[in-house]
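Structure data follow from final-v2.tsv (TSV, C-alpha atoms):
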chain	number	residue	atom	x	y	z
A	1405	MET	CA	26.54	160.58	76.52
A	1406	PHE	CA	23.83	162.23	74.52
A	1407	ARG	CA	21.99	163.41	77.57
A	1408	ASN	CA	25.19	164.77	78.98
A	1409	LEU	CA	25.82	166.82	75.90
A	1410	ASN	CA	22.33	168.14	76.05
A	1411	ASN	CA	22.85	169.15	79.64
A	1412	ILE	CA	25.97	171.07	78.82
A	1413	GLN	CA	24.18	172.76	76.01
A	1414	ASN	CA	21.39	173.77	78.36
A	1415	LYS	CA	23.79	175.08	80.92
A	1416	LYS	CA	25.48	177.12	78.27
A	1417	THR	CA	22.29	178.82	77.13
A	1418	ASP	CA	21.35	179.33	80.76
A	1419	ASN	CA	24.63	181.01	81.33
A	1420	ILE	CA	24.25	183.25	78.34
A	1421	GLN	CA	20.77	184.20	79.42
A	1422	ASN	CA	21.96	185.01	82.90
A	1423	ARG	CA	24.75	187.12	81.59
A	1424	GLN	CA	22.38	188.90	79.30
A	1425	LYS	CA	20.01	189.51	82.19
A	1426	ALA	CA	22.80	190.89	84.35
A	1427	ALA	CA	23.87	193.17	81.53
A	1428	TYR	CA	20.35	194.47	81.03
A	1429	PHE	CA	19.99	195.00	84.75
A	1430	GLY	CA	23.06	197.20	84.58
A	1431	VAL	CA	21.68	199.09	81.60
A	1432	PHE	CA	18.41	199.71	83.40
A	1433	THR	CA	20.12	200.81	86.59
A	1434	ALA	CA	22.21	203.26	84.61
A	1435	LEU	CA	19.14	204.53	82.77
A	1436	ALA	CA	17.23	204.94	86.02
A	1437	LEU	CA	20.12	206.96	87.45
A	1438	ILE	CA	20.28	209.12	84.35
A	1439	PHE	CA	16.55	209.76	84.61
A	1440	SER	CA	16.90	210.67	88.28
A	1441	TYR	CA	19.71	213.03	87.39
A	1442	LEU	CA	17.71	214.55	84.53
A	1443	GLU	CA	14.92	215.31	86.93
A	1444	THR	CA	17.20	217.16	89.29
A	1445	LEU	CA	18.36	219.26	86.31
A	1446	ILE	CA	14.99	219.97	84.72
A	1447	PRO	CA	12.38	219.67	87.41
A	1448	ILE	CA	9.02	219.36	85.74
A	1449	HIS	CA	6.88	221.38	88.07
A	1450	PHE	CA	3.15	221.05	88.33
A	1451	GLY	CA	2.84	224.08	90.53
A	1452	ILE	CA	3.16	221.86	93.57
A	1453	PRO	CA	6.37	221.91	95.54
A	1454	GLY	CA	8.07	218.56	95.41
A	1455	ALA	CA	5.92	217.04	92.71
A	1456	LYS	CA	7.80	215.58	89.79
A	1457	LEU	CA	7.18	213.26	86.91
A	1458	GLY	CA	9.09	210.32	88.33
A	1459	LEU	CA	10.78	209.35	85.09
A	1460	ALA	CA	12.74	206.59	86.79
A	1461	ASN	CA	9.47	204.87	87.58
A	1462	LEU	CA	9.05	204.34	83.86
A	1463	LEU	CA	11.89	201.85	84.06
A	1464	ILE	CA	10.45	200.20	87.14
A	1465	VAL	CA	7.13	199.69	85.33
A	1466	ILE	CA	8.88	198.29	82.26
A	1467	PHE	CA	10.97	195.99	84.43
A	1468	LEU	CA	7.87	194.84	86.27
A	1469	TYR	CA	6.31	193.80	82.98
A	1470	LYS	CA	9.35	192.45	81.17
A	1471	ARG	CA	10.80	190.61	84.16
A	1472	ASN	CA	9.17	190.08	87.54
A	1473	THR	CA	8.40	191.76	90.83
A	1474	ILE	CA	11.64	190.71	92.53
A	1475	ASP	CA	13.81	192.16	89.78
A	1476	ALA	CA	11.79	195.36	89.75
A	1477	LEU	CA	12.20	195.56	93.53
A	1478	PHE	CA	15.98	195.18	93.23
A	1479	LEU	CA	16.13	197.82	90.53
A	1480	SER	CA	13.97	200.20	92.54
A	1481	VAL	CA	15.95	199.85	95.77
A	1482	LEU	CA	19.27	200.11	93.99
A	1483	ARG	CA	18.17	203.19	92.10
A	1484	ILE	CA	16.82	204.89	95.22
A	1485	PHE	CA	20.01	204.35	97.21
A	1486	LEU	CA	22.35	205.31	94.38
A	1487	SER	CA	20.46	208.43	93.33
A	1488	GLY	CA	19.84	209.29	96.98
A	1489	PHE	CA	23.54	209.26	97.78
A	1490	LEU	CA	24.40	211.06	94.56
A	1491	PHE	CA	21.76	213.78	94.41
A	1492	GLY	CA	19.90	213.68	97.70
A	1493	ASN	CA	20.37	212.99	101.34
A	1494	LEU	CA	19.34	210.45	103.93
A	1495	PHE	CA	15.90	211.94	104.23
A	1496	SER	CA	15.22	211.88	100.54
A	1497	ILE	CA	16.27	208.22	100.52
A	1498	LEU	CA	13.79	207.51	103.29
A	1499	TYR	CA	10.99	209.31	101.46
A	1500	SER	CA	11.79	207.68	98.14
A	1501	LEU	CA	12.09	204.27	99.72
A	1502	SER	CA	8.70	204.39	101.40
A	1503	GLY	CA	7.04	205.72	98.26
A	1504	GLY	CA	8.87	203.30	96.00
A	1505	MET	CA	8.13	200.21	98.06
A	1506	LEU	CA	4.45	200.97	98.54
A	1507	SER	CA	4.09	201.85	94.88
A	1508	LEU	CA	5.81	198.66	93.76
A	1509	ALA	CA	3.69	196.51	96.06
A	1510	VAL	CA	0.47	198.06	94.77
A	1511	MET	CA	1.57	197.78	91.15
A	1512	ALA	CA	2.60	194.14	91.56
A	1513	VAL	CA	-0.76	193.25	93.08
A	1514	LEU	CA	-2.77	195.10	90.44
A	1515	LYS	CA	-0.69	193.61	87.65
A	1516	LYS	CA	-1.20	190.12	89.04
A	1517	SER	CA	-4.96	190.67	89.28
A	1518	GLY	CA	-4.99	191.07	85.51
A	1519	ASN	CA	-7.82	193.56	85.61
A	1520	PHE	CA	-5.74	196.55	84.63
A	1521	SER	CA	-3.54	197.56	81.74
A	1522	VAL	CA	-0.11	199.14	82.08
A	1523	THR	CA	-1.61	202.60	82.36
A	1524	GLY	CA	-3.96	201.68	85.20
A	1525	VAL	CA	-1.18	199.91	87.07
A	1526	SER	CA	1.07	202.92	86.61
A	1527	VAL	CA	-1.62	205.34	87.82
A	1528	ALA	CA	-2.11	203.28	90.96
A	1529	GLY	CA	1.66	203.19	91.37
A	1530	GLY	CA	1.96	206.96	91.04
A	1531	VAL	CA	-0.75	207.63	93.61
A	1532	SER	CA	0.55	205.07	96.10
A	1533	HIS	CA	4.06	206.44	95.65
A	1534	ASN	CA	2.86	209.86	96.79
A	1535	LEU	CA	0.81	208.42	99.63
A	1536	GLY	CA	3.78	206.43	100.91
A	1537	GLN	CA	5.81	209.62	101.06
A	1538	LEU	CA	2.99	211.46	102.75
A	1539	LEU	CA	2.77	208.79	105.45
A	1540	VAL	CA	6.49	209.04	106.13
A	1541	ALA	CA	6.26	212.83	106.19
A	1542	MET	CA	3.52	212.54	108.80
A	1543	ALA	CA	5.64	210.17	110.86
A	1544	ILE	CA	8.79	212.27	110.63
A	1545	LEU	CA	7.21	215.67	111.18
A	1546	GLU	CA	4.85	214.13	113.74
A	1547	THR	CA	1.92	216.11	112.48
A	1548	TYR	CA	-1.34	215.38	110.78
A	1549	HIS	CA	-1.29	218.76	109.07
A	1550	THR	CA	0.54	217.27	106.11
A	1551	GLY	CA	-2.78	215.52	105.46
A	1552	TYR	CA	-3.83	218.76	103.79
A	1553	TYR	CA	-1.62	217.64	100.99
A	1554	PHE	CA	-3.58	214.47	100.42
A	1555	PRO	CA	-5.89	215.62	97.59
A	1556	VAL	CA	-3.08	217.41	95.80
A	1557	LEU	CA	-0.87	214.36	95.99
A	1558	VAL	CA	-3.59	212.02	94.75
A	1559	ALA	CA	-4.30	214.26	91.77
A	1560	ALA	CA	-0.59	214.66	91.02
A	1561	GLY	CA	-0.12	210.90	91.33
A	1562	VAL	CA	-2.90	210.24	88.82
A	1563	LEU	CA	-1.41	212.71	86.36
A	1564	THR	CA	2.19	211.52	86.56
A	1565	GLY	CA	1.16	207.86	86.72
A	1566	PHE	CA	-0.97	208.34	83.63
A	1567	LEU	CA	1.85	209.94	81.65
A	1568	ILE	CA	4.35	207.31	82.76
A	1569	GLY	CA	1.83	204.57	82.02
A	1570	LEU	CA	1.18	205.78	78.46
A	1571	THR	CA	4.90	205.97	77.81
A	1572	ALA	CA	5.53	202.56	79.35
A	1573	ASN	CA	2.76	201.12	77.20
A	1574	GLU	CA	4.34	202.45	74.04
A	1575	VAL	CA	7.80	201.25	75.03
A	1576	LEU	CA	6.51	197.81	75.97
A	1577	LYS	CA	4.78	197.52	72.61
A	1578	ARG	CA	8.08	198.08	70.87
A	1579	LEU	CA	9.95	195.74	73.20
A	1580	GLU	CA	7.66	192.85	72.39
A	1581	GLY	CA	9.59	189.66	71.63
A	1582	PHE	CA	12.68	191.27	73.06
A	1583	HIS	CA	14.16	189.57	76.10
A	1584	ILE	CA	15.66	191.79	78.68
B	1229	MET	CA	-6.34	200.83	78.10
B	1230	LYS	CA	-8.99	198.78	79.78
B	1231	ARG	CA	-12.28	199.93	81.18
B	1232	ASN	CA	-11.00	199.20	84.68
B	1233	ASP	CA	-8.20	201.70	84.16
B	1234	TRP	CA	-10.66	204.46	83.52
B	1235	ILE	CA	-12.75	203.43	86.51
B	1236	LEU	CA	-9.64	203.52	88.69
B	1237	ILE	CA	-8.59	206.93	87.36
B	1238	VAL	CA	-12.07	208.39	87.81
B	1239	LEU	CA	-12.34	206.98	91.34
B	1240	LEU	CA	-8.97	208.43	92.30
B	1241	LEU	CA	-9.82	211.82	90.82
B	1242	LEU	CA	-13.13	211.77	92.69
B	1243	THR	CA	-11.22	211.01	95.89
B	1244	ALA	CA	-8.96	213.98	95.22
B	1245	ALA	CA	-11.94	216.20	94.41
B	1246	GLY	CA	-13.67	215.01	97.59
B	1247	GLY	CA	-10.56	215.87	99.56
B	1248	PHE	CA	-10.43	219.32	97.99
B	1249	THR	CA	-14.07	220.06	98.78
B	1250	PHE	CA	-13.64	218.74	102.31
B	1251	LEU	CA	-10.73	221.10	102.83
B	1252	ALA	CA	-12.58	223.99	101.19
B	1253	ILE	CA	-15.61	223.50	103.45
B	1254	GLN	CA	-13.43	223.12	106.49
B	1255	ASP	CA	-11.28	226.05	105.57
B	1256	GLU	CA	-12.98	228.69	107.64
B	1257	PRO	CA	-10.90	231.78	108.04
B	1258	LYS	CA	-8.43	230.66	110.63
B	1259	SER	CA	-8.66	233.66	112.87
B	1260	GLY	CA	-5.44	234.03	114.71
B	1261	ARG	CA	-5.04	235.95	117.94
B	1262	VAL	CA	-2.59	238.66	118.64
B	1263	GLU	CA	-1.24	238.45	122.15
B	1264	VAL	CA	0.45	241.43	123.68
B	1265	TRP	CA	2.77	240.70	126.57
B	1266	VAL	CA	4.23	243.48	128.64
B	1267	GLY	CA	6.95	242.70	131.16
B	1268	GLY	CA	6.15	238.99	131.00
B	1269	GLU	CA	2.45	239.40	131.64
B	1270	LEU	CA	-0.41	239.09	129.22
B	1271	TRP	CA	-1.52	242.66	128.61
B	1272	GLY	CA	-4.17	242.08	125.98
B	1273	THR	CA	-5.46	239.81	123.26
B	1274	TYR	CA	-6.85	240.96	119.92
B	1275	SER	CA	-8.25	239.23	116.91
B	1276	LEU	CA	-6.27	239.35	113.70
B	1277	GLU	CA	-9.54	239.85	111.86
B	1278	GLU	CA	-10.58	243.25	113.09
B	1279	ASP	CA	-8.64	246.32	112.07
B	1280	ILE	CA	-7.56	248.23	115.12
B	1281	VAL	CA	-4.80	250.43	116.44
B	1282	VAL	CA	-3.75	249.62	119.99
B	1283	ASP	CA	-1.83	251.97	122.20
B	1284	ILE	CA	0.30	249.88	124.54
B	1285	ASP	CA	0.99	251.80	127.73
B	1286	GLY	CA	1.78	254.89	125.71
B	1287	THR	CA	5.13	253.47	124.67
B	1288	ASN	CA	4.23	251.49	121.57
B	1289	ARG	CA	1.49	251.50	119.03
B	1290	LEU	CA	0.31	248.30	117.38
B	1291	MET	CA	-1.75	248.24	114.22
B	1292	ILE	CA	-3.75	245.24	113.12
B	1293	ARG	CA	-4.82	245.39	109.50
B	1294	ASN	CA	-5.40	242.90	106.69
B	1295	ASN	CA	-4.83	240.01	109.10
B	1296	GLN	CA	-1.42	241.34	109.93
B	1297	ALA	CA	-0.05	242.82	113.09
B	1298	ASP	CA	2.50	245.58	112.76
B	1299	MET	CA	4.20	247.85	115.25
B	1300	ILE	CA	3.79	251.32	113.86
B	1301	TRP	CA	5.31	253.45	116.56
B	1302	ALA	CA	7.60	253.10	119.55
B	1303	ASP	CA	9.18	255.59	121.89
B	1304	CYS	CA	12.47	253.74	122.13
B	1305	PRO	CA	15.48	255.08	120.21
B	1306	ASP	CA	16.35	252.13	118.02
B	1307	LYS	CA	12.83	251.38	116.70
B	1308	LEU	CA	13.80	247.86	115.74
B	1309	CYS	CA	10.30	246.60	116.35
B	1310	VAL	CA	8.84	249.27	114.10
B	1311	ARG	CA	11.14	248.35	111.30
B	1312	GLN	CA	10.28	244.69	111.56
B	1313	LYS	CA	7.90	243.40	108.92
B	1314	PRO	CA	4.29	242.70	109.89
B	1315	VAL	CA	3.57	239.30	111.40
B	1316	SER	CA	0.60	237.09	110.62
B	1317	LYS	CA	1.59	233.46	110.94
B	1318	ASP	CA	1.42	231.15	113.92
B	1319	ARG	CA	4.14	231.79	116.52
B	1320	GLU	CA	5.58	234.77	114.69
B	1321	SER	CA	6.35	237.65	116.98
B	1322	ILE	CA	7.53	241.22	117.23
B	1323	ILE	CA	9.66	242.02	120.23
B	1324	CYS	CA	10.46	245.40	121.66
B	1325	LEU	CA	13.29	244.89	124.11
B	1326	PRO	CA	13.52	248.37	125.69
B	1327	ASN	CA	9.84	248.36	126.64
B	1328	GLN	CA	9.68	244.63	127.33
B	1329	ILE	CA	6.83	244.18	124.91
B	1330	VAL	CA	6.25	240.96	123.04
B	1331	ILE	CA	3.62	240.66	120.37
B	1332	SER	CA	2.97	237.16	119.19
B	1333	ILE	CA	0.51	235.48	116.90
B	1334	VAL	CA	-1.31	232.48	118.26
B	1335	GLY	CA	-3.07	229.98	116.03
B	1336	GLY	CA	-3.01	232.03	112.88
B	1337	GLU	CA	-2.15	230.80	109.49
B	1338	GLU	CA	0.19	227.92	109.91
B	1339	ASN	CA	3.85	228.58	109.70
B	1340	GLU	CA	5.59	226.85	106.84
B	1341	LEU	CA	7.22	223.67	107.99
B	1342	ASP	CA	10.71	222.74	107.21
B	1343	GLY	CA	10.85	219.58	105.22
B	1344	VAL	CA	12.94	217.82	102.65
B	1345	ALA	CA	11.70	216.07	99.58
B	1346	ASN	CA	13.73	215.79	96.47
What would the structure in this file look like if it were written as structure tokens?
Amino acid sequence: MFRNLNNIQNKKTDNIQNRQKAAYFGVFTALALIFSYLETLIPIHFGIPGAKLGLANLLIVIFLYKRNTIDALFLSVLRIFLSGFLFGNLFSILYSLSGGMLSLAVMAVLKKSGNFSVTGVSVAGGVSHNLGQLLVAMAILETYHTGYYFPVLVAAGVLTGFLIGLTANEVLKRLEGFHI
Amino acid sequence: MKRNDWILIVLLLLTAAGGFTFLAIQDEPKSGRVEVWVGGELWGTYSLEEDIVVDIDGTNRLMIRNNQADMIWADCPDKLCVRQKPVSKDRESIICLPNQIVISIVGGEENELDGVAN
């Protein structure tokens, strides 16, 4: 009888937690979309065509740290498809997807290794994001000439990853003890 | 931030710098050729580097200057080729239909590729 009651109680809290998680997932998806939209409105140019801050990645990094890799993966894929259909086209989805997946994989590995802080993980994510896109560009355009872009993209990835990482670090500090 | 972060950042920046220097060293002036075709046959080839004025069969005059090829005179009435802007990039061309003259750039500065990324 007692055990049973306990079980019910547990299930209840489980349920609440799940609901809360689902709600936060929605909030983060919405935020990621807003950030994607913001970037189409105010492109932050670094003098390089196509380079942008990648504000939405801020949320991916935060999700990676506050939840887990799988949840961050879901958020990333969902965001890419939604923002791709809203503001981009099939090609931009393909580019974003390759960059996003590679970046997430690298970030997850580096985070797991425990040798890097949020900023380092984010920098690696930024660079691998750009490299993923470059690889797809090479495959689609069937040319190695896009390789000329390599140094620019690495430098841009370091810069944007650094900025996103610093921001993510600050946000994570303030989200401590807060379950999302 | 950890020490490893800085090491990673420095390594990546060095990679980028290495890439830049590699490109800078490799980046010899990509001398394009100017091919002149008359009536479907190769009439002459000139370097984009040297400044020269070429008289093509007395019907057209081609000027190569500042790595650009420009038709400066033609005896045809419409002078469309003369009005066309100078060409300098790979596969760009000036065509004079009445005199069957085609001027095309081969292997010059690369033409901008179409691509999408947003």
Polymer residues at most 9 Å from segment 1464-1476 of chain A, all atoms listed in the file, same-chain spacing of 2 or more positions, as a PyMOL selection string: chain A and resi 1429+1432+1436+1460-1462+1478-1481+1508-1509+1511-1512+1515+1522+1525-1526+1529+1568-1569+1572-1573+1575-1576+1579-1580+1582-1584
Would you mind listing, for every residue of chain B within 7 Å of chain A, the two atoms forming the shortest contact and the distance between them in Å to one decimal, using all atoms listed in the file, sorted by chain and ascending residue number, as a tab-separated table?
residue	atom	partner	partner_atom	distance
B:Met1229	CA	A:Ser1521	CA	5.6
B:Lys1230	CA	A:Ser1521	CA	5.9
B:Asn1232	CA	A:Phe1520	CA	5.9
B:Asp1233	CA	A:Gly1524	CA	4.4
B:Leu1236	CA	A:Gly1524	CA	6.9
B:Ile1237	CA	A:Val1562	CA	6.7
B:Leu1240	CA	A:Val1558	CA	6.9
B:Leu1241	CA	A:Ala1559	CA	6.1
B:Ala1244	CA	A:Pro1555	CA	4.2
B:Ala1245	CA	A:Pro1555	CA	6.9
B:Gly1247	CA	A:Pro1555	CA	5.1
B:Phe1248	CA	A:Pro1555	CA	5.9
B:Val1344	CA	A:Ser1496	CA	6.7
B:Ala1345	CA	A:Ser1496	CA	5.6
B:Asn1346	CA	A:Ser1496	CA	5.8
With C-alpha atoms retained, export the selected residues as a compact mmCIF listing (two decimals), keeping the file's coordinate frame.
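What landed in selection_7.txt:
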# COMPACT_ATOMS: atom_id res chain seq x y z
CA MET B 1229 -6.34 200.83 78.10
CA LYS B 1230 -8.99 198.78 79.78
CA ASN B 1232 -11.00 199.20 84.68
CA ASP B 1233 -8.20 201.70 84.16
CA LEU B 1236 -9.64 203.52 88.69
CA ILE B 1237 -8.59 206.93 87.36
CA LEU B 1240 -8.97 208.43 92.30
CA LEU B 1241 -9.82 211.82 90.82
CA ALA B 1244 -8.96 213.98 95.22
CA ALA B 1245 -11.94 216.20 94.41
CA GLY B 1247 -10.56 215.87 99.56
CA PHE B 1248 -10.43 219.32 97.99
CA VAL B 1344 12.94 217.82 102.65
CA ALA B 1345 11.70 216.07 99.58
CA ASN B 1346 13.73 215.79 96.47
Long-range neighbours of Ser1440 of chain A as an NGL selection string, 8 Å cut-off, all atoms listed in the file, 6 positions minimum in chain: :A and (1458-1460 or 1487)
Atomic distance atom CA of Trp1301 of chain B - atom CA of Leu1325 of chain B, expressed in Å with one decimal: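 According to the coordinates, atom CA of Trp1301 of chain B and atom CA of Leu1325 of chain B are separated by 13.9 Å.
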Near-Tyr1274 of chain B list (8 Å; only C-alpha atoms; drop same-chain fewer than 2 positions) as an MDAnalysis selection string: chainID B and resid 1261:1263 1272 1276
Two-atom distance - atom CA of Leu1501 of chain A, atom CA of Tyr1441 of chain A (Å):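 Rounded to one decimal, the two atoms are 16.9 Å apart.
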Polymer residues at most 10 Å from Cys1304 of chain B, all atoms listed in the file, same-chain spacing of 5 or more positions, as a list in words: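 Counting all atoms listed in the file, the residues come to Thr1287, Asn1288, Cys1309, Val1310, Cys1324, Leu1325, Pro1326 and Asn1327 of chain B.
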Interatomic distance, atom CA of Glu1320 of chain B to atom CA of Ile1253 of chain B (Å, one decimal):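 These two atoms are separated by 26.5 Å.
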Using the incomplete input, complete segment 1477-1487 of chain A to the level of all heavy atoms; output as a PDB file, in the frame of the given file.
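Below is the file that was written, out.pdb:
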ATOM      1  N   LEU A1477      11.906 195.119  92.160  1.00  0.00           N
ATOM      2  CA  LEU A1477      12.200 195.560  93.530  1.00  0.00           C
ATOM      3  C   LEU A1477      13.690 195.878  93.669  1.00  0.00           C
ATOM      4  O   LEU A1477      14.065 196.936  94.187  1.00  0.00           O
ATOM      5  CB  LEU A1477      11.804 194.464  94.515  1.00  0.00           C
ATOM      6  CG  LEU A1477      12.116 194.738  95.985  1.00  0.00           C
ATOM      7  CD1 LEU A1477      11.161 195.782  96.532  1.00  0.00           C
ATOM      8  CD2 LEU A1477      12.011 193.468  96.807  1.00  0.00           C
ATOM      9  N   PHE A1478      14.540 194.954  93.165  1.00  0.00           N
ATOM     10  CA  PHE A1478      15.980 195.180  93.230  1.00  0.00           C
ATOM     11  C   PHE A1478      16.351 196.469  92.517  1.00  0.00           C
ATOM     12  O   PHE A1478      17.100 197.301  93.043  1.00  0.00           O
ATOM     13  CB  PHE A1478      16.747 194.007  92.603  1.00  0.00           C
ATOM     14  CG  PHE A1478      16.966 192.868  93.549  1.00  0.00           C
ATOM     15  CD1 PHE A1478      16.696 191.562  93.181  1.00  0.00           C
ATOM     16  CD2 PHE A1478      17.442 193.116  94.833  1.00  0.00           C
ATOM     17  CE1 PHE A1478      16.889 190.517  94.076  1.00  0.00           C
ATOM     18  CE2 PHE A1478      17.648 192.073  95.728  1.00  0.00           C
ATOM     19  CZ  PHE A1478      17.366 190.770  95.340  1.00  0.00           C
ATOM     20  N   LEU A1479      15.807 196.633  91.324  1.00  0.00           N
ATOM     21  CA  LEU A1479      16.130 197.820  90.530  1.00  0.00           C
ATOM     22  C   LEU A1479      15.701 199.079  91.273  1.00  0.00           C
ATOM     23  O   LEU A1479      16.446 200.061  91.359  1.00  0.00           O
ATOM     24  CB  LEU A1479      15.422 197.749  89.177  1.00  0.00           C
ATOM     25  CG  LEU A1479      15.683 198.937  88.241  1.00  0.00           C
ATOM     26  CD1 LEU A1479      17.135 198.987  87.836  1.00  0.00           C
ATOM     27  CD2 LEU A1479      14.802 198.862  87.004  1.00  0.00           C
ATOM     28  N   SER A1480      14.502 199.025  91.847  1.00  0.00           N
ATOM     29  CA  SER A1480      13.970 200.200  92.540  1.00  0.00           C
ATOM     30  C   SER A1480      14.837 200.574  93.743  1.00  0.00           C
ATOM     31  O   SER A1480      15.219 201.728  93.918  1.00  0.00           O
ATOM     32  CB  SER A1480      12.535 199.914  92.968  1.00  0.00           C
ATOM     33  OG  SER A1480      12.003 201.024  93.619  1.00  0.00           O
ATOM     34  N   VAL A1481      15.152 199.572  94.568  1.00  0.00           N
ATOM     35  CA  VAL A1481      15.950 199.850  95.770  1.00  0.00           C
ATOM     36  C   VAL A1481      17.331 200.363  95.394  1.00  0.00           C
ATOM     37  O   VAL A1481      17.824 201.360  95.943  1.00  0.00           O
ATOM     38  CB  VAL A1481      16.077 198.568  96.634  1.00  0.00           C
ATOM     39  CG1 VAL A1481      17.055 198.790  97.771  1.00  0.00           C
ATOM     40  CG2 VAL A1481      14.721 198.174  97.184  1.00  0.00           C
ATOM     41  N   LEU A1482      17.934 199.708  94.427  1.00  0.00           N
ATOM     42  CA  LEU A1482      19.270 200.110  93.990  1.00  0.00           C
ATOM     43  C   LEU A1482      19.255 201.545  93.482  1.00  0.00           C
ATOM     44  O   LEU A1482      20.108 202.365  93.834  1.00  0.00           O
ATOM     45  CB  LEU A1482      19.735 199.152  92.878  1.00  0.00           C
ATOM     46  CG  LEU A1482      21.238 199.145  92.591  1.00  0.00           C
ATOM     47  CD1 LEU A1482      21.993 198.729  93.821  1.00  0.00           C
ATOM     48  CD2 LEU A1482      21.534 198.207  91.436  1.00  0.00           C
ATOM     49  N   ARG A1483      18.258 201.854  92.666  1.00  0.00           N
ATOM     50  CA  ARG A1483      18.170 203.190  92.100  1.00  0.00           C
ATOM     51  C   ARG A1483      17.986 204.235  93.205  1.00  0.00           C
ATOM     52  O   ARG A1483      18.620 205.285  93.198  1.00  0.00           O
ATOM     53  CB  ARG A1483      16.991 203.302  91.136  1.00  0.00           C
ATOM     54  CG  ARG A1483      16.980 204.634  90.452  1.00  0.00           C
ATOM     55  CD  ARG A1483      15.640 205.189  90.114  1.00  0.00           C
ATOM     56  NE  ARG A1483      14.660 205.335  91.130  1.00  0.00           N
ATOM     57  CZ  ARG A1483      14.356 206.484  91.725  1.00  0.00           C
ATOM     58  NH1 ARG A1483      15.042 207.552  91.444  1.00  0.00           N
ATOM     59  NH2 ARG A1483      13.398 206.546  92.588  1.00  0.00           N
ATOM     60  N   ILE A1484      17.115 203.926  94.161  1.00  0.00           N
ATOM     61  CA  ILE A1484      16.820 204.890  95.220  1.00  0.00           C
ATOM     62  C   ILE A1484      18.075 205.187  96.037  1.00  0.00           C
ATOM     63  O   ILE A1484      18.390 206.352  96.322  1.00  0.00           O
ATOM     64  CB  ILE A1484      15.688 204.375  96.119  1.00  0.00           C
ATOM     65  CG1 ILE A1484      14.360 204.449  95.367  1.00  0.00           C
ATOM     66  CG2 ILE A1484      15.610 205.183  97.400  1.00  0.00           C
ATOM     67  CD1 ILE A1484      13.239 203.676  96.001  1.00  0.00           C
ATOM     68  N   PHE A1485      18.811 204.126  96.390  1.00  0.00           N
ATOM     69  CA  PHE A1485      20.010 204.350  97.210  1.00  0.00           C
ATOM     70  C   PHE A1485      21.079 205.089  96.412  1.00  0.00           C
ATOM     71  O   PHE A1485      21.686 206.042  96.909  1.00  0.00           O
ATOM     72  CB  PHE A1485      20.551 203.028  97.744  1.00  0.00           C
ATOM     73  CG  PHE A1485      19.910 202.632  99.036  1.00  0.00           C
ATOM     74  CD1 PHE A1485      18.874 201.724  99.070  1.00  0.00           C
ATOM     75  CD2 PHE A1485      20.323 203.217 100.232  1.00  0.00           C
ATOM     76  CE1 PHE A1485      18.262 201.376 100.265  1.00  0.00           C
ATOM     77  CE2 PHE A1485      19.723 202.886 101.430  1.00  0.00           C
ATOM     78  CZ  PHE A1485      18.686 201.961 101.448  1.00  0.00           C
ATOM     79  N   LEU A1486      21.301 204.664  95.177  1.00  0.00           N
ATOM     80  CA  LEU A1486      22.350 205.310  94.380  1.00  0.00           C
ATOM     81  C   LEU A1486      22.016 206.777  94.116  1.00  0.00           C
ATOM     82  O   LEU A1486      22.839 207.658  94.345  1.00  0.00           O
ATOM     83  CB  LEU A1486      22.535 204.558  93.051  1.00  0.00           C
ATOM     84  CG  LEU A1486      23.244 203.202  93.177  1.00  0.00           C
ATOM     85  CD1 LEU A1486      23.325 202.529  91.816  1.00  0.00           C
ATOM     86  CD2 LEU A1486      24.635 203.388  93.754  1.00  0.00           C
ATOM     87  N   SER A1487      20.801 207.030  93.644  1.00  0.00           N
ATOM     88  CA  SER A1487      20.460 208.430  93.330  1.00  0.00           C
ATOM     89  C   SER A1487      20.348 209.239  94.605  1.00  0.00           C
ATOM     90  O   SER A1487      20.650 210.422  94.627  1.00  0.00           O
ATOM     91  CB  SER A1487      19.164 208.498  92.522  1.00  0.00           C
ATOM     92  OG  SER A1487      18.060 208.200  93.335  1.00  0.00           O
TER      93      SER A1487
END
